[in-house]
Amino acid sequence: MSFADRITATNELIWSIPLIALCLLAGLYFSFRTGFLQVRHIPDMIDQLKKGEKSEDGTSSFQSLMMSLAGRVGMGNIGGVATAIAFGGPGAVFWMWTSAFLGAATSFIECTLGQIYKEKDPDTGEYRGGPAYYFEKAYRHKAKGLSLGYGILFAFVTILAMSFFLPGVQANGMASAIDNAWGVSPWVTAIGLVILLGFIVIGGVKRIANFAVVVVPAMALLYIAIALVVFFLNFTQIPEVFTLIFSSAFGVQPVFGAILGLAVKWGVQRGIYSNEAGQGTGPHAAAAAEVSHPAKQGFAQSFAVYIDTLFVCSATAFIIISTGMFNTFAGEAWPGDVIFRGEGGLGTDVEPGPGFVQQGLDSVFPGAGPTFVAVALAFFAFTTIVAYYYMAETNLTYLTRKMKNRLVARGIRRALQALVLVSVAYGAVTTAGAAWGLGDIGVGSMAWLNIVGILFLQGPALKALKDYRAQKKAGLDPEFDPRKLGIENATFWEQRADALQGAGGGAALERD
């Protein structure tokens, strides 16, 4: 069996029916347990982004959201959506929407847990947190060995995924789009990417946050704006687009009935790859935020799922379908071997990836489509790689935070930075299939560990939500003291509550 075959076999094993069902059912379960907060608390989500706190040690909720979106909005929003439609039909878009709606509740649980169990970096003083931290701390008083082992396992898997498996997908998509648009060799893209990335990642979380705040909103809004222009230029096709998405989502049309299972599989798989709900990546950025109550950042991160999938991914899907680029034919291995056909500037047949969107835009803006997608994807992919590095570094910090020799710990961090740069360079010049296969393995492995874990650890997050609602109902700006809720091992918040009481209730926070 070749290496490529092993990647495919491993990917199919991880992304089998049990994981698809786990993602959807967990999201449905958390939706009921939280009273469908993804609808009920939309005003709180928006309000937190406008009024969030910040400090010398933590980012604001808006900065944290942008850091999170930097990881969410990437190759998955362009190439991922295209491959989902290619292999699962247009109905995959519906299942992406479904996974996003349900995943918003899952994202709240995991990101609130990330806030509850965050701690300060011993070297930089910045806030650190994520699944490894809450897996270790949540039940440390009951099962110390098991919780510590699970946290270490997740940290190792995340470091491997974020520094080796996933960056290659982003780099490959960027190199492919640039090559399609301007004929630039992937090697040239790889070298330029490594130089720029090295400058950002060495600067730490503050530089990452400042970079994301500037780049992410601009690139997302511009991409959505272009998609809306395309959509309304094809205004008469809007009913047909929605009819196609919903009918094929349930196999109503005979030609799509054969791939109903693939529509669900690819829609959920690519949805989670893009919006990351339940994957365990969102809590890393969530923990970096300065808030007075963990639930506040849980709301902000739930909103990130909406932005990623309901806005950016939908924009890609509408470009492809409304421009008539969704023309598939059955290959020898129907229903898996499906390819787009169109009359764009890239030729008749285009392999699954960014070329689908480039060809769709080219049919509306002749000569400009490939260039715009290449530029957009360059920003999308670059900010995502930056976010991946941050998450890898956070988990490395988790593993080394108790090392007495801090010089050795810093040396290990530099080695991680070098590994990310090497993997990015390799990903830019390797084949797309291998890059996507490794990326899916990384996403799936993290999702398995995180979703199973938070199903057991959901209690503190639900208590925090109940406490937030009670304080809001009383007309207060919620403040968090875990001891009042029976939540143990949330050391940071215990110390914060003591400091506030000692200061007579005043908070040394700078509010936006």
# chains A, B, ... in the order shown; residues from 1 in each chain; ligands from 1
>>> select_by_dssp(residues="range 236-447 of chain A", states="helix (DSSP H, G or I)", output="PyMOL selection string")
chain A and resi 236-249+254-257+260-275+282-287+294-322+354-364+369-400+406-429+432-447
>>> residues_around(residues="Gly298 in chain A", least_positions_apart="6", cutoff="6 Å", atoms="only C-alpha atoms", output="list in words")
Phe108, Cys111 and Thr112 of chain A
>>> closest_residue(among="A:Ala21, A:Ile109, A:Met66, A:Leu197", to="Tyr134 in chain A", atoms="only C-alpha atoms")
A:Ile109
>>> closest_residue(among="A:Glu290, A:Asp481, A:Asp440, A:Glu110", to="Gly459 in chain A", atoms="only C-alpha atoms")
A:Glu110
>>> closest_residue(among="A:Gln358, A:Ser2, A:Thr394, A:Ser163", to="Leu421 in chain A", atoms="only C-alpha atoms")
A:Ser163
>>> residues_around(residues="Met96 in chain A", least_positions_apart="2", cutoff="6 Å", atoms="only C-alpha atoms", output="number ranges by chain")
A: 93-94, 98-99, 267-268, 271
>>> write_last_selection(atoms="N, CA and C atoms", output="PDB file, in the first residue's frame")
ATOM      1  N   VAL A  93     -24.175  21.858   0.700  1.00  0.00           N
ATOM      2  CA  VAL A  93     -24.242  23.211   1.249  1.00  0.00           C
ATOM      3  C   VAL A  93     -25.251  23.266   2.387  1.00  0.00           C
ATOM      4  N   PHE A  94     -26.392  22.609   2.211  1.00  0.00           N
ATOM      5  CA  PHE A  94     -27.407  22.575   3.270  1.00  0.00           C
ATOM      6  C   PHE A  94     -26.843  21.946   4.532  1.00  0.00           C
ATOM      7  N   THR A  98     -26.414  23.295   8.323  1.00  0.00           N
ATOM      8  CA  THR A  98     -26.916  22.564   9.479  1.00  0.00           C
ATOM      9  C   THR A  98     -25.833  22.375  10.526  1.00  0.00           C
ATOM     10  N   SER A  99     -24.645  21.960  10.057  1.00  0.00           N
ATOM     11  CA  SER A  99     -23.536  21.747  10.998  1.00  0.00           C
ATOM     12  C   SER A  99     -23.133  23.056  11.670  1.00  0.00           C
ATOM     13  N   GLY A 267     -20.765  17.591   3.449  1.00  0.00           N
ATOM     14  CA  GLY A 267     -21.253  18.845   4.017  1.00  0.00           C
ATOM     15  C   GLY A 267     -20.796  19.024   5.452  1.00  0.00           C
ATOM     16  N   VAL A 268     -20.955  17.984   6.272  1.00  0.00           N
ATOM     17  CA  VAL A 268     -20.543  18.059   7.673  1.00  0.00           C
ATOM     18  C   VAL A 268     -19.023  18.123   7.781  1.00  0.00           C
ATOM     19  N   GLY A 271     -17.855  21.392   6.535  1.00  0.00           N
ATOM     20  CA  GLY A 271     -18.381  22.422   7.420  1.00  0.00           C
ATOM     21  C   GLY A 271     -17.538  22.551   8.672  1.00  0.00           C
TER      22      GLY A 271
END
>>> residues_around(residues="Gly486 in chain A", least_positions_apart="5", cutoff="12 Å", atoms="only C-alpha atoms", output="number ranges by chain")
A: 138, 459-461, 463-464, 467, 480-481, 494
>>> write_last_selection(atoms="N, CA and C atoms", output="mmCIF file, in the first residue's frame")
data_model
loop_
_atom_site.group_PDB
_atom_site.id
_atom_site.type_symbol
_atom_site.label_atom_id
_atom_site.label_comp_id
_atom_site.auth_asym_id
_atom_site.auth_seq_id
_atom_site.Cartn_x
_atom_site.Cartn_y
_atom_site.Cartn_z
ATOM 1 N N ALA A 138 -10.599 20.258 34.662
ATOM 2 C CA ALA A 138 -12.011 20.171 35.014
ATOM 3 C C ALA A 138 -12.300 19.124 36.081
ATOM 4 N N GLY A 459 -20.568 20.317 32.229
ATOM 5 C CA GLY A 459 -21.170 20.887 33.423
ATOM 6 C C GLY A 459 -20.747 22.310 33.744
ATOM 7 N N PRO A 460 -19.448 22.612 33.847
ATOM 8 C CA PRO A 460 -19.032 23.979 34.177
ATOM 9 C C PRO A 460 -19.511 25.024 33.174
ATOM 10 N N ALA A 461 -19.530 24.688 31.892
ATOM 11 C CA ALA A 461 -19.994 25.639 30.878
ATOM 12 C C ALA A 461 -21.476 25.926 31.035
ATOM 13 N N LYS A 463 -23.169 25.667 33.838
ATOM 14 C CA LYS A 463 -23.312 26.457 35.061
ATOM 15 C C LYS A 463 -22.990 27.926 34.798
ATOM 16 N N ALA A 464 -21.960 28.157 33.987
ATOM 17 C CA ALA A 464 -21.582 29.536 33.661
ATOM 18 C C ALA A 464 -22.685 30.233 32.878
ATOM 19 N N ASP A 467 -25.485 31.095 35.269
ATOM 20 C CA ASP A 467 -25.064 32.214 36.115
ATOM 21 C C ASP A 467 -25.126 33.529 35.327
ATOM 22 N N PHE A 480 -17.688 36.775 37.233
ATOM 23 C CA PHE A 480 -17.609 35.332 37.435
ATOM 24 C C PHE A 480 -16.770 34.973 38.650
ATOM 25 N N ASP A 481 -17.354 34.193 39.525
ATOM 26 C CA ASP A 481 -16.632 33.593 40.646
ATOM 27 C C ASP A 481 -16.976 32.109 40.647
ATOM 28 N N GLU A 494 -10.604 32.401 40.349
ATOM 29 C CA GLU A 494 -10.632 32.543 41.808
ATOM 30 C C GLU A 494 -9.759 33.722 42.240
#
>>> closest_residue(among="A:Trp493, A:Trp182, A:Phe380, A:Phe246", to="Pro90 in chain A", atoms="only C-alpha atoms")
A:Phe246
>>> closest_residue(among="A:Ala304, A:Val429, A:Ala92, A:Ala378", to="Trp187 in chain A", atoms="only C-alpha atoms")
A:Val429
>>> atom_distance(atom1="CA of Ser16 in chain A", atom2="CA of Tyr426 in chain A")
28.0 Å
>>> residues_around(residues="Leu193 in chain A", least_positions_apart="4", cutoff="10 Å", atoms="only C-alpha atoms", output="list of chain:residue names")
A:Ala171, A:Met174, A:Ala175, A:Trp187, A:Val188, A:Thr189, A:Leu197, A:Gly198, A:Ala378, A:Phe382, A:Ile385, A:Leu421, A:Val424, A:Ala425, A:Ala428
>>> write_last_selection(atoms="C-alpha atoms", output="short mmCIF file (atom, residue, chain, number, x, y, z; two decimals), in the first residue's frame")
data_model
loop_
_atom_site.label_atom_id
_atom_site.label_comp_id
_atom_site.auth_asym_id
_atom_site.auth_seq_id
_atom_site.Cartn_x
_atom_site.Cartn_y
_atom_site.Cartn_z
CA ALA A 171 -0.24 26.66 1.54
CA MET A 174 -2.67 29.48 -2.04
CA ALA A 175 0.08 28.21 -4.34
CA TRP A 187 8.30 27.24 -5.09
CA VAL A 188 8.28 31.04 -5.38
CA THR A 189 5.05 31.19 -3.37
CA LEU A 197 5.08 33.90 8.17
CA GLY A 198 8.36 33.89 10.06
CA ALA A 378 -3.64 34.37 -0.27
CA PHE A 382 -1.99 33.16 5.32
CA ILE A 385 -1.62 29.41 8.93
CA LEU A 421 7.76 26.94 8.25
CA VAL A 424 4.26 25.21 4.88
CA ALA A 425 7.01 25.13 2.27
CA ALA A 428 2.93 24.58 -1.17
#
>>> atom_distance(atom1="CA of Gly173 in chain A", atom2="CA of Ser322 in chain A")
22.8 Å
>>> atom_distance(atom1="CA of Lys120 in chain A", atom2="CA of Ala409 in chain A")
15.6 Å
>>> select_by_dssp(residues="range 16-238 of chain A", states="strand (DSSP E)", output="PyMOL selection string")
chain A and resi 53-54+119-120+127-128
>>> write_last_selection(atoms="C-alpha atoms", output="short mmCIF file (atom, residue, chain, number, x, y, z; two decimals), in the first residue's frame")
data_model
loop_
_atom_site.label_atom_id
_atom_site.label_comp_id
_atom_site.auth_asym_id
_atom_site.auth_seq_id
_atom_site.Cartn_x
_atom_site.Cartn_y
_atom_site.Cartn_z
CA GLU A 53 -12.87 44.35 27.70
CA LYS A 54 -9.14 44.30 27.04
CA GLU A 119 -4.08 30.54 32.87
CA LYS A 120 -1.20 32.96 32.33
CA TYR A 127 -3.57 34.20 28.66
CA ARG A 128 -3.37 30.61 27.47
#
>>> residues_around(residues="Tyr117 in chain A", least_positions_apart="6", cutoff="9 Å", atoms="only C-alpha atoms", output="ChimeraX atom specification")
/A:129-130,133-134,137-138,287,489-493
>>> write_last_selection(atoms="N, CA and C atoms", output="PDB file, in the first residue's frame")
ATOM      1  N   GLY A 129      -5.028  28.925  26.996  1.00  0.00           N
ATOM      2  CA  GLY A 129      -6.072  27.971  27.334  1.00  0.00           C
ATOM      3  C   GLY A 129      -6.464  27.158  26.129  1.00  0.00           C
ATOM      4  N   GLY A 130      -7.361  26.215  26.313  1.00  0.00           N
ATOM      5  CA  GLY A 130      -7.794  25.342  25.232  1.00  0.00           C
ATOM      6  C   GLY A 130      -8.170  23.990  25.792  1.00  0.00           C
ATOM      7  N   TYR A 133      -5.965  22.237  28.427  1.00  0.00           N
ATOM      8  CA  TYR A 133      -6.057  22.843  29.751  1.00  0.00           C
ATOM      9  C   TYR A 133      -7.331  22.405  30.472  1.00  0.00           C
ATOM     10  N   TYR A 134      -8.487  22.472  29.769  1.00  0.00           N
ATOM     11  CA  TYR A 134      -9.714  22.115  30.497  1.00  0.00           C
ATOM     12  C   TYR A 134      -9.872  20.622  30.681  1.00  0.00           C
ATOM     13  N   LYS A 137      -7.839  20.147  33.936  1.00  0.00           N
ATOM     14  CA  LYS A 137      -8.278  20.829  35.152  1.00  0.00           C
ATOM     15  C   LYS A 137      -9.696  20.503  35.605  1.00  0.00           C
ATOM     16  N   ALA A 138     -10.599  20.258  34.662  1.00  0.00           N
ATOM     17  CA  ALA A 138     -12.011  20.171  35.014  1.00  0.00           C
ATOM     18  C   ALA A 138     -12.300  19.124  36.081  1.00  0.00           C
ATOM     19  N   ALA A 287      -9.697  31.681  24.919  1.00  0.00           N
ATOM     20  CA  ALA A 287      -9.028  31.813  26.215  1.00  0.00           C
ATOM     21  C   ALA A 287      -8.143  33.052  26.289  1.00  0.00           C
ATOM     22  N   ASN A 489     -10.898  24.183  40.478  1.00  0.00           N
ATOM     23  CA  ASN A 489      -9.658  24.258  39.675  1.00  0.00           C
ATOM     24  C   ASN A 489      -9.644  25.383  38.649  1.00  0.00           C
ATOM     25  N   ALA A 490     -10.562  26.324  38.739  1.00  0.00           N
ATOM     26  CA  ALA A 490     -10.532  27.503  37.872  1.00  0.00           C
ATOM     27  C   ALA A 490      -9.723  28.582  38.580  1.00  0.00           C
ATOM     28  N   THR A 491      -8.429  28.337  38.735  1.00  0.00           N
ATOM     29  CA  THR A 491      -7.555  29.148  39.581  1.00  0.00           C
ATOM     30  C   THR A 491      -7.523  30.607  39.166  1.00  0.00           C
ATOM     31  N   PHE A 492      -7.432  30.864  37.866  1.00  0.00           N
ATOM     32  CA  PHE A 492      -7.350  32.245  37.399  1.00  0.00           C
ATOM     33  C   PHE A 492      -8.550  33.057  37.881  1.00  0.00           C
ATOM     34  N   TRP A 493      -9.727  32.493  37.736  1.00  0.00           N
ATOM     35  CA  TRP A 493     -10.952  33.221  38.088  1.00  0.00           C
ATOM     36  C   TRP A 493     -11.100  33.368  39.592  1.00  0.00           C
TER      37      TRP A 493
END
